[in-house]
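Source file: work06.cif (mmCIF, C-alpha atoms)
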```cif
data_input
loop_
_atom_site.group_PDB
_atom_site.id
_atom_site.type_symbol
_atom_site.label_atom_id
_atom_site.label_comp_id
_atom_site.auth_asym_id
_atom_site.auth_seq_id
_atom_site.Cartn_x
_atom_site.Cartn_y
_atom_site.Cartn_z
ATOM 1 C CA MET A 229 16.188 0.749 -29.154
ATOM 2 C CA ALA A 230 16.736 -0.851 -25.746
ATOM 3 C CA ARG A 231 13.530 -1.632 -23.938
ATOM 4 C CA LYS A 232 12.918 0.690 -21.000
ATOM 5 C CA THR A 233 12.035 -0.610 -17.549
ATOM 6 C CA ALA A 234 10.564 0.976 -14.438
ATOM 7 C CA ASN A 235 14.107 1.726 -13.282
ATOM 8 C CA ASP A 236 14.455 4.210 -16.151
ATOM 9 C CA PHE A 237 11.752 6.447 -14.629
ATOM 10 C CA HIS A 238 11.530 8.499 -11.467
ATOM 11 C CA PRO A 239 9.219 6.791 -8.926
ATOM 12 C CA GLU A 240 7.077 9.936 -8.753
ATOM 13 C CA ALA A 241 6.630 9.860 -12.525
ATOM 14 C CA LEU A 242 5.405 6.262 -12.258
ATOM 15 C CA GLN A 243 2.948 7.209 -9.512
ATOM 16 C CA LEU A 244 1.600 10.057 -11.640
ATOM 17 C CA PHE A 245 1.250 7.673 -14.576
ATOM 18 C CA ASP A 246 -0.687 5.240 -12.383
ATOM 19 C CA LYS A 247 -3.084 8.018 -11.419
ATOM 20 C CA TYR A 248 -3.453 8.979 -15.074
ATOM 21 C CA VAL A 249 -4.127 5.410 -16.192
ATOM 22 C CA HIS A 250 -6.788 4.961 -13.518
ATOM 23 C CA GLY A 251 -8.610 8.208 -14.123
ATOM 24 C CA GLU A 252 -7.403 10.103 -11.067
ATOM 25 C CA LEU A 253 -5.402 12.513 -13.221
ATOM 26 C CA SER A 254 -6.247 13.932 -16.644
ATOM 27 C CA ARG A 255 -3.819 13.852 -19.539
ATOM 28 C CA ARG A 256 -3.320 17.581 -19.119
ATOM 29 C CA GLY A 257 -2.774 17.107 -15.393
ATOM 30 C CA PHE A 258 -0.161 14.429 -16.026
ATOM 31 C CA LEU A 259 1.691 16.506 -18.610
ATOM 32 C CA SER A 260 1.760 19.542 -16.353
ATOM 33 C CA SER A 261 2.866 17.588 -13.267
ATOM 34 C CA VAL A 262 5.516 15.276 -14.657
ATOM 35 C CA PRO A 263 8.227 17.505 -16.231
ATOM 36 C CA LYS A 264 10.341 17.766 -13.071
ATOM 37 C CA TYR A 265 10.490 13.973 -12.933
ATOM 38 C CA ALA A 266 11.223 13.430 -16.629
ATOM 39 C CA LEU A 267 14.413 11.846 -17.847
ATOM 40 C CA LEU A 268 17.134 14.273 -18.884
ATOM 41 C CA GLY A 269 16.159 15.787 -22.228
ATOM 42 C CA LEU A 270 12.793 14.025 -22.345
ATOM 43 C CA SER A 271 9.656 16.141 -22.672
ATOM 44 C CA ALA A 272 6.471 15.341 -20.749
ATOM 45 C CA GLU A 273 4.834 14.190 -24.003
ATOM 46 C CA ALA A 274 7.797 11.955 -24.802
ATOM 47 C CA LEU A 275 7.759 10.502 -21.291
ATOM 48 C CA LEU A 276 4.064 9.649 -21.596
ATOM 49 C CA GLU A 277 4.704 8.030 -24.956
ATOM 50 C CA ALA A 278 7.561 6.000 -23.448
ATOM 51 C CA LEU A 279 5.237 4.676 -20.734
ATOM 52 C CA ASN A 280 2.397 3.751 -23.086
ATOM 53 C CA PRO A 281 1.952 0.173 -24.373
ATOM 54 C CA ARG A 282 3.943 -1.367 -27.225
ATOM 55 C CA PHE A 283 1.641 -4.175 -28.274
ATOM 56 C CA ALA A 284 3.561 -5.471 -31.278
ATOM 57 C CA GLN A 285 6.865 -5.460 -29.424
ATOM 58 C CA ALA A 286 5.488 -7.585 -26.589
ATOM 59 C CA GLN A 287 3.365 -10.050 -28.561
ATOM 60 C CA GLN A 288 4.332 -13.622 -27.705
ATOM 61 C CA VAL A 289 1.886 -15.587 -29.858
ATOM 62 C CA ALA A 290 0.979 -14.517 -33.383
ATOM 63 C CA ASN A 291 -2.649 -13.923 -34.313
ATOM 64 C CA ASP A 292 -2.427 -16.615 -36.974
ATOM 65 C CA ASP A 293 -0.403 -19.179 -35.023
ATOM 66 C CA PRO A 294 -1.313 -22.508 -36.694
ATOM 67 C CA ARG A 295 -1.296 -24.304 -33.342
ATOM 68 C CA LEU A 296 -4.418 -22.399 -32.343
ATOM 69 C CA ILE A 297 -7.957 -21.669 -33.433
ATOM 70 C CA THR A 298 -9.155 -18.170 -32.546
ATOM 71 C CA ARG A 299 -12.492 -16.551 -33.235
ATOM 72 C CA ILE A 300 -14.975 -13.984 -31.992
ATOM 73 C CA VAL A 301 -17.926 -15.464 -30.126
ATOM 74 C CA GLU A 302 -20.976 -14.051 -28.381
ATOM 75 C CA PHE A 303 -23.088 -15.277 -25.472
ATOM 76 C CA PRO A 304 -26.470 -13.981 -24.286
ATOM 77 C CA SER A 305 -26.479 -11.689 -21.252
ATOM 78 C CA PRO A 306 -30.141 -10.925 -20.491
ATOM 79 C CA HIS A 307 -29.350 -9.153 -17.217
ATOM 80 C CA GLY A 308 -26.444 -7.210 -18.668
ATOM 81 C CA ASN A 309 -26.010 -5.459 -21.999
ATOM 82 C CA GLY A 310 -27.858 -8.123 -23.962
ATOM 83 C CA LYS A 311 -24.840 -10.111 -25.068
ATOM 84 C CA VAL A 312 -21.205 -10.707 -24.279
ATOM 85 C CA HIS A 313 -18.805 -10.327 -27.182
ATOM 86 C CA GLY A 314 -15.249 -11.572 -26.954
ATOM 87 C CA TYR A 315 -12.205 -13.399 -28.257
ATOM 88 C CA LEU A 316 -11.920 -17.161 -27.861
ATOM 89 C CA ALA A 317 -8.656 -19.067 -28.280
ATOM 90 C CA GLN A 318 -8.162 -22.810 -28.096
ATOM 91 C CA PRO A 319 -5.676 -25.421 -29.273
ATOM 92 C CA ALA A 320 -6.117 -26.476 -32.892
ATOM 93 C CA ARG A 321 -5.933 -30.100 -31.786
ATOM 94 C CA ILE A 322 -7.963 -31.018 -28.743
ATOM 95 C CA GLU A 323 -7.751 -34.363 -27.005
ATOM 96 C CA GLY A 324 -10.543 -34.826 -24.523
ATOM 97 C CA LYS A 325 -12.312 -32.014 -22.724
ATOM 98 C CA LEU A 326 -10.289 -28.934 -21.736
ATOM 99 C CA PRO A 327 -10.612 -26.523 -18.818
ATOM 100 C CA VAL A 328 -11.763 -23.012 -19.634
ATOM 101 C CA VAL A 329 -10.296 -19.717 -18.413
ATOM 102 C CA LEU A 330 -12.127 -16.399 -18.476
ATOM 103 C CA VAL A 331 -9.558 -13.647 -19.161
ATOM 104 C CA ILE A 332 -10.563 -10.209 -17.891
ATOM 105 C CA HIS A 333 -8.875 -7.080 -19.174
ATOM 106 C CA GLU A 334 -7.714 -3.882 -17.529
ATOM 107 C CA ASN A 335 -9.722 -0.656 -17.763
ATOM 108 C CA ARG A 336 -9.151 -0.311 -21.498
ATOM 109 C CA GLY A 337 -11.198 -3.159 -22.903
ATOM 110 C CA LEU A 338 -10.113 -6.029 -25.114
ATOM 111 C CA ASN A 339 -6.822 -4.721 -26.459
ATOM 112 C CA PRO A 340 -4.151 -6.718 -28.332
ATOM 113 C CA HIS A 341 -2.304 -7.578 -25.119
ATOM 114 C CA ILE A 342 -5.308 -9.344 -23.602
ATOM 115 C CA GLU A 343 -5.893 -11.244 -26.837
ATOM 116 C CA ASP A 344 -2.255 -12.341 -26.603
ATOM 117 C CA ILE A 345 -2.804 -13.513 -23.011
ATOM 118 C CA ALA A 346 -5.710 -15.647 -24.249
ATOM 119 C CA ARG A 347 -3.503 -17.184 -26.940
ATOM 120 C CA ARG A 348 -0.766 -17.909 -24.392
ATOM 121 C CA LEU A 349 -3.264 -19.815 -22.270
ATOM 122 C CA ALA A 350 -4.473 -21.727 -25.315
ATOM 123 C CA LEU A 351 -0.922 -22.834 -26.047
ATOM 124 C CA ASP A 352 -0.840 -24.246 -22.522
ATOM 125 C CA ASN A 353 -3.854 -26.406 -23.393
ATOM 126 C CA PHE A 354 -6.684 -24.297 -22.042
ATOM 127 C CA ILE A 355 -9.677 -22.790 -23.782
ATOM 128 C CA ALA A 356 -9.511 -19.053 -23.089
ATOM 129 C CA PHE A 357 -12.248 -16.485 -23.552
ATOM 130 C CA ALA A 358 -11.580 -12.745 -23.241
ATOM 131 C CA PRO A 359 -14.721 -10.573 -23.288
ATOM 132 C CA ASP A 360 -14.723 -6.911 -24.272
ATOM 133 C CA ALA A 361 -16.608 -4.863 -21.685
ATOM 134 C CA LEU A 362 -16.604 -1.970 -24.156
ATOM 135 C CA TYR A 363 -18.574 -3.865 -26.786
ATOM 136 C CA SER A 364 -21.839 -2.192 -25.777
ATOM 137 C CA LEU A 365 -20.138 1.151 -26.511
ATOM 138 C CA GLY A 366 -18.714 0.128 -29.868
ATOM 139 C CA GLY A 367 -15.847 -2.059 -28.662
ATOM 140 C CA TYR A 368 -12.214 -1.406 -27.930
ATOM 141 C CA PRO A 369 -11.447 1.686 -30.051
ATOM 142 C CA GLY A 370 -7.811 0.915 -30.833
ATOM 143 C CA ASP A 371 -6.591 3.841 -28.732
ATOM 144 C CA GLU A 372 -5.821 3.484 -25.023
ATOM 145 C CA ASP A 373 -6.822 7.034 -24.104
ATOM 146 C CA LYS A 374 -10.156 6.739 -25.893
ATOM 147 C CA ALA A 375 -10.692 3.334 -24.290
ATOM 148 C CA ARG A 376 -10.161 4.748 -20.794
ATOM 149 C CA GLU A 377 -12.641 7.532 -21.468
ATOM 150 C CA LEU A 378 -15.231 5.071 -22.739
ATOM 151 C CA PHE A 379 -14.678 2.875 -19.718
ATOM 152 C CA LYS A 380 -15.816 5.623 -17.381
ATOM 153 C CA THR A 381 -19.257 5.589 -19.008
ATOM 154 C CA LEU A 382 -19.973 1.869 -18.590
ATOM 155 C CA ASP A 383 -22.962 0.772 -16.559
ATOM 156 C CA LYS A 384 -21.200 -1.048 -13.701
ATOM 157 C CA THR A 385 -24.107 -3.314 -12.820
ATOM 158 C CA LYS A 386 -24.743 -4.418 -16.400
ATOM 159 C CA THR A 387 -21.034 -4.936 -17.032
ATOM 160 C CA GLN A 388 -20.696 -7.153 -13.977
ATOM 161 C CA ALA A 389 -23.727 -9.112 -15.184
ATOM 162 C CA ASP A 390 -22.002 -9.600 -18.545
ATOM 163 C CA PHE A 391 -18.987 -11.211 -16.880
ATOM 164 C CA LEU A 392 -21.253 -13.438 -14.809
ATOM 165 C CA ALA A 393 -23.073 -14.477 -17.987
ATOM 166 C CA ALA A 394 -19.764 -15.248 -19.690
ATOM 167 C CA ALA A 395 -18.636 -17.475 -16.819
ATOM 168 C CA GLN A 396 -21.925 -19.369 -16.854
ATOM 169 C CA ALA A 397 -21.833 -19.837 -20.643
ATOM 170 C CA LEU A 398 -18.266 -21.125 -20.578
ATOM 171 C CA LYS A 399 -19.288 -24.047 -18.378
ATOM 172 C CA LYS A 400 -21.340 -25.337 -21.298
ATOM 173 C CA LEU A 401 -18.763 -25.116 -24.091
ATOM 174 C CA PRO A 402 -18.780 -28.370 -26.075
ATOM 175 C CA ASP A 403 -14.993 -28.747 -25.845
ATOM 176 C CA GLY A 404 -14.837 -27.660 -22.199
ATOM 177 C CA ASN A 405 -14.711 -29.944 -19.186
ATOM 178 C CA GLY A 406 -17.261 -27.881 -17.266
ATOM 179 C CA LYS A 407 -14.667 -26.243 -15.026
ATOM 180 C CA VAL A 408 -14.131 -22.515 -15.379
ATOM 181 C CA GLY A 409 -11.411 -20.392 -13.838
ATOM 182 C CA ALA A 410 -10.854 -16.658 -14.138
ATOM 183 C CA VAL A 411 -7.769 -14.485 -14.358
ATOM 184 C CA GLY A 412 -7.842 -10.701 -14.482
ATOM 185 C CA PHE A 413 -5.552 -7.724 -14.317
ATOM 186 C CA CYS A 414 -6.155 -4.465 -12.424
ATOM 187 C CA TYR A 415 -9.841 -3.786 -13.212
ATOM 188 C CA GLY A 416 -10.019 -7.420 -14.290
ATOM 189 C CA GLY A 417 -8.464 -8.535 -11.017
ATOM 190 C CA GLY A 418 -11.262 -6.735 -9.205
ATOM 191 C CA ILE A 419 -13.796 -8.515 -11.408
ATOM 192 C CA VAL A 420 -12.222 -11.888 -10.563
ATOM 193 C CA ASN A 421 -12.665 -11.062 -6.884
ATOM 194 C CA TYR A 422 -16.260 -10.047 -7.610
ATOM 195 C CA LEU A 423 -17.002 -13.261 -9.530
ATOM 196 C CA ALA A 424 -15.641 -15.282 -6.623
ATOM 197 C CA THR A 425 -18.209 -13.643 -4.332
ATOM 198 C CA GLN A 426 -21.055 -14.430 -6.757
ATOM 199 C CA LEU A 427 -20.247 -17.862 -8.188
ATOM 200 C CA PRO A 428 -19.933 -20.677 -5.631
ATOM 201 C CA ASP A 429 -18.839 -23.030 -8.395
ATOM 202 C CA LEU A 430 -16.061 -20.862 -9.818
ATOM 203 C CA ALA A 431 -13.299 -23.455 -9.956
ATOM 204 C CA ALA A 432 -10.333 -21.099 -9.516
ATOM 205 C CA GLY A 433 -9.699 -17.349 -9.417
ATOM 206 C CA VAL A 434 -6.452 -15.477 -10.055
ATOM 207 C CA PRO A 435 -6.675 -11.712 -9.507
ATOM 208 C CA PHE A 436 -3.592 -9.685 -10.428
ATOM 209 C CA TYR A 437 -3.459 -6.431 -8.401
ATOM 210 C CA GLY A 438 -7.239 -6.161 -8.270
ATOM 211 C CA ALA A 439 -9.557 -4.176 -6.031
ATOM 212 C CA GLN A 440 -10.923 -6.170 -3.130
ATOM 213 C CA PRO A 441 -14.548 -6.870 -2.205
ATOM 214 C CA SER A 442 -16.041 -5.932 1.142
ATOM 215 C CA ALA A 443 -15.612 -8.277 4.071
ATOM 216 C CA GLU A 444 -19.333 -9.098 3.877
ATOM 217 C CA ASP A 445 -19.018 -10.127 0.225
ATOM 218 C CA ALA A 446 -15.730 -11.972 0.790
ATOM 219 C CA ALA A 447 -17.479 -14.210 3.315
ATOM 220 C CA ARG A 448 -19.389 -15.804 0.402
ATOM 221 C CA ILE A 449 -16.277 -16.906 -1.511
ATOM 222 C CA LYS A 450 -15.997 -20.646 -2.116
ATOM 223 C CA ALA A 451 -13.460 -20.652 -4.975
ATOM 224 C CA PRO A 452 -9.757 -21.227 -4.365
ATOM 225 C CA LEU A 453 -7.843 -18.021 -5.026
ATOM 226 C CA LEU A 454 -4.296 -17.209 -6.088
ATOM 227 C CA ILE A 455 -3.742 -13.504 -5.441
ATOM 228 C CA HIS A 456 -0.892 -11.440 -6.905
ATOM 229 C CA TYR A 457 0.116 -7.965 -5.732
ATOM 230 C CA ALA A 458 2.892 -5.566 -6.707
ATOM 231 C CA GLY A 459 5.104 -4.419 -3.864
ATOM 232 C CA ALA A 460 5.158 -0.773 -5.028
ATOM 233 C CA ASP A 461 1.389 -0.453 -5.357
ATOM 234 C CA ASP A 462 0.139 1.352 -2.273
ATOM 235 C CA ARG A 463 -3.184 2.229 -3.911
ATOM 236 C CA ILE A 464 -4.300 -1.409 -4.306
ATOM 237 C CA ASN A 465 -2.331 -2.903 -1.441
ATOM 238 C CA ALA A 466 -4.106 -0.680 1.079
ATOM 239 C CA GLY A 467 -7.131 -2.967 0.792
ATOM 240 C CA TRP A 468 -5.243 -6.226 1.270
ATOM 241 C CA PRO A 469 -5.082 -6.506 5.099
ATOM 242 C CA ALA A 470 -8.856 -6.283 5.473
ATOM 243 C CA TYR A 471 -9.400 -8.667 2.556
ATOM 244 C CA GLU A 472 -6.949 -11.183 3.966
ATOM 245 C CA ALA A 473 -8.657 -11.033 7.356
ATOM 246 C CA ALA A 474 -12.019 -11.668 5.695
ATOM 247 C CA LEU A 475 -10.656 -14.598 3.689
ATOM 248 C CA LYS A 476 -9.164 -16.168 6.794
ATOM 249 C CA LYS A 477 -12.387 -15.696 8.761
ATOM 250 C CA ALA A 478 -14.394 -17.319 5.959
ATOM 251 C CA GLY A 479 -11.968 -20.231 5.657
ATOM 252 C CA VAL A 480 -11.272 -19.518 1.980
ATOM 253 C CA ASN A 481 -8.579 -21.595 0.312
ATOM 254 C CA TYR A 482 -6.189 -18.885 -0.887
ATOM 255 C CA GLU A 483 -2.557 -18.116 -1.578
ATOM 256 C CA ALA A 484 -1.274 -14.559 -1.842
ATOM 257 C CA PHE A 485 2.029 -13.212 -3.078
ATOM 258 C CA ILE A 486 3.397 -9.685 -2.942
ATOM 259 C CA TYR A 487 6.295 -9.207 -5.361
ATOM 260 C CA PRO A 488 8.771 -6.808 -3.749
ATOM 261 C CA GLY A 489 9.687 -3.571 -5.462
ATOM 262 C CA VAL A 490 7.626 -4.054 -8.630
ATOM 263 C CA GLN A 491 5.003 -1.722 -10.060
ATOM 264 C CA HIS A 492 1.279 -2.093 -10.518
ATOM 265 C CA GLY A 493 0.901 -3.747 -13.906
ATOM 266 C CA PHE A 494 4.136 -5.718 -13.558
ATOM 267 C CA ASN A 495 2.710 -8.632 -15.548
ATOM 268 C CA ASN A 496 1.847 -6.465 -18.564
ATOM 269 C CA ASP A 497 4.827 -6.845 -20.868
ATOM 270 C CA THR A 498 3.717 -4.059 -23.200
ATOM 271 C CA THR A 499 4.849 -1.262 -20.849
ATOM 272 C CA PRO A 500 7.997 -0.327 -18.895
ATOM 273 C CA ARG A 501 6.253 -1.216 -15.635
ATOM 274 C CA PHE A 502 6.673 -4.853 -16.684
ATOM 275 C CA ASP A 503 9.053 -6.847 -14.481
ATOM 276 C CA ALA A 504 10.251 -9.962 -16.279
ATOM 277 C CA ALA A 505 11.300 -11.964 -13.210
ATOM 278 C CA ALA A 506 8.171 -11.240 -11.171
ATOM 279 C CA ALA A 507 5.909 -11.767 -14.176
ATOM 280 C CA LYS A 508 7.429 -15.147 -14.978
ATOM 281 C CA LEU A 509 7.134 -16.312 -11.393
ATOM 282 C CA ALA A 510 3.544 -15.083 -11.105
ATOM 283 C CA TRP A 511 2.548 -16.619 -14.440
ATOM 284 C CA ASP A 512 4.199 -19.964 -13.653
ATOM 285 C CA ARG A 513 2.284 -20.009 -10.383
ATOM 286 C CA THR A 514 -0.912 -19.132 -12.229
ATOM 287 C CA LEU A 515 -0.549 -21.975 -14.712
ATOM 288 C CA ALA A 516 0.249 -24.453 -11.939
ATOM 289 C CA PHE A 517 -2.792 -23.238 -9.983
ATOM 290 C CA PHE A 518 -5.117 -23.614 -12.957
ATOM 291 C CA ASN A 519 -3.698 -27.037 -13.784
ATOM 292 C CA LYS A 520 -4.309 -28.139 -10.200
ATOM 293 C CA HIS A 521 -7.857 -26.854 -9.844
ATOM 294 C CA LEU A 522 -9.258 -27.027 -13.365
ATOM 295 C CA ARG A 523 -7.948 -30.395 -14.567
ATOM 296 C CA ALA A 524 -8.461 -32.531 -11.477
ATOM 297 C CA GLY A 525 -11.279 -35.060 -11.709
#
```

Could you write out this structure as structure tokens?
Amino acid sequence: MARKTANDFHPEALQLFDKYVHGELSRRGFLSSVPKYALLGLSAEALLEALNPRFAQAQQVANDDPRLITRIVEFPSPHGNGKVHGYLAQPARIEGKLPVVLVIHENRGLNPHIEDIARRLALDNFIAFAPDALYSLGGYPGDEDKARELFKTLDKTKTQADFLAAAQALKKLPDGNGKVGAVGFCYGGGIVNYLATQLPDLAAGVPFYGAQPSAEDAARIKAPLLIHYAGADDRINAGWPAYEAALKKAGVNYEAFIYPGVQHGFNNDTTPRFDAAAAKLAWDRTLAFFNKHLRAG
């Protein structure tokens, strides 16, 4: 079956799906609202299924790739949920100390796609750690709908503390060079922005279509930032002008790119909102940014 893209769906259907994914619309609300925008002969249920992730189809690096070592690790988080539990990927052969990247998931927890992102980074000679914010609630449940529902019940303050604890712990990894960057997607992009306001020594931050901090918080940012936005993402992009003004006022070293015409989630290659050209360009820029800021003496 040919892989569907955003062009195969009515723009209104994609907007409704975005609201559903981010908790602004229930499953029932989506199914009752979307039929008039469905593809010819496609039911609302079938349309929702077509928009949902295909993890196996999109996987780029196998779980057991012999070039990598992957394992579950935990770090203490005394101000959060007690401990941070996540997936660590690194090259099987390490020469010298490597930079470390904290990989922060969307609002579904540590799903197979985010594990794959960690492995991709490891193949590019980084150590990557992807925490599961849902661990305190039993972990990613293997079902995206259930994961979204669990996510709504997280203690925001404790969860943020967990990510701060993870970033601090990663600086001390024996194979790490002491420099830690962070990349995140949607919810995770917002967490990258948050970490940048809290950690003066964050070496590099790359938020993909993430919610922005207040101008007051943005004034504390010291980390260099590479910011990615989707052109067809009014919900997130509405906060960009104020954020950009705050970054400029604070003298933050940042680059920002808005990729025309693409959907929120364009880097996630498990769904039809994925845009191959924009994702490749954004990811190439991300790797170059991390190489520049995390490997330099």

Expand the PyMOL selection byres ((chain A and resi 477) around 12) into the explicit residue set it covers here, and present it as a compact mmCIF listing (two decimals) with C-alpha atoms, keeping the file's coordinate frame.
```
# COMPACT_ATOMS: atom_id res chain seq x y z
CA ALA A 443 -15.61 -8.28 4.07
CA GLU A 444 -19.33 -9.10 3.88
CA ALA A 446 -15.73 -11.97 0.79
CA ALA A 447 -17.48 -14.21 3.32
CA ARG A 448 -19.39 -15.80 0.40
CA ILE A 449 -16.28 -16.91 -1.51
CA ALA A 470 -8.86 -6.28 5.47
CA TYR A 471 -9.40 -8.67 2.56
CA GLU A 472 -6.95 -11.18 3.97
CA ALA A 473 -8.66 -11.03 7.36
CA ALA A 474 -12.02 -11.67 5.70
CA LEU A 475 -10.66 -14.60 3.69
CA LYS A 476 -9.16 -16.17 6.79
CA ALA A 478 -14.39 -17.32 5.96
CA GLY A 479 -11.97 -20.23 5.66
CA VAL A 480 -11.27 -19.52 1.98
CA ASN A 481 -8.58 -21.60 0.31
CA TYR A 482 -6.19 -18.89 -0.89
```

Go ahead and fit an axis-aligned box to every listed atom of segment 426-440 of chain A plus 4 Å each side, and pass me the centre and edge lengths in Å, one decimal, as lines of an AutoDock Vina configuration file.
```
center_x = -12.3
center_y = -13.8
center_z = -6.8
size_x = 25.6
size_y = 27.3
size_z = 15.3
```

Margin query: Can you tell me which residues surround Asp390 of chain A at a distance of at most 7 Å, considering only C-alpha atoms, apart from same-chain residues fewer than 6 positions away, and format the answer as a ChimeraX atom specification?
Written below: /A:305,308-309,312

Next item on the list: Would you please work out which residue, of A:Pro435, A:Pro340, A:Gly251, A:Gly404, is nearest to Tyr368 of chain A when using only C-alpha atoms?
Entry: A:Pro340

Next item on the list: List the residues matched by the PyMOL selection byres ((chain A and resi 275) around 10) in the displayed structure as number ranges by chain, ordered by chain and then by residue number.
Entry: A: 237, 241, 245, 259, 262-263, 265-267, 269-274, 276-280

Next item on the list: With the file shown as input, list the residues that the PyMOL selection byres ((chain A and resi 401) around 12) selects, as a list in words.
Entry: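 Expected selection for the PyMOL selection byres ((chain A and resi 401) around 12) here is Val301, Phe303, Leu316, Gln318, Lys325, Leu326, Pro327, Val328, Val329, Ile355, Ala356, Phe357, Ala394, Ala395, Gln396, Ala397, Leu398, Lys399, Lys400, Pro402, Asp403, Gly404, Asn405, Gly406, Lys407 and Val408 of chain A.
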
Item checked: Within 7 Å of file point (-7.5, -7.4, -13.3), counting only C-alpha atoms, expressed as a PyMOL selection string -> chain A and resi 332-334+412-419+435-438
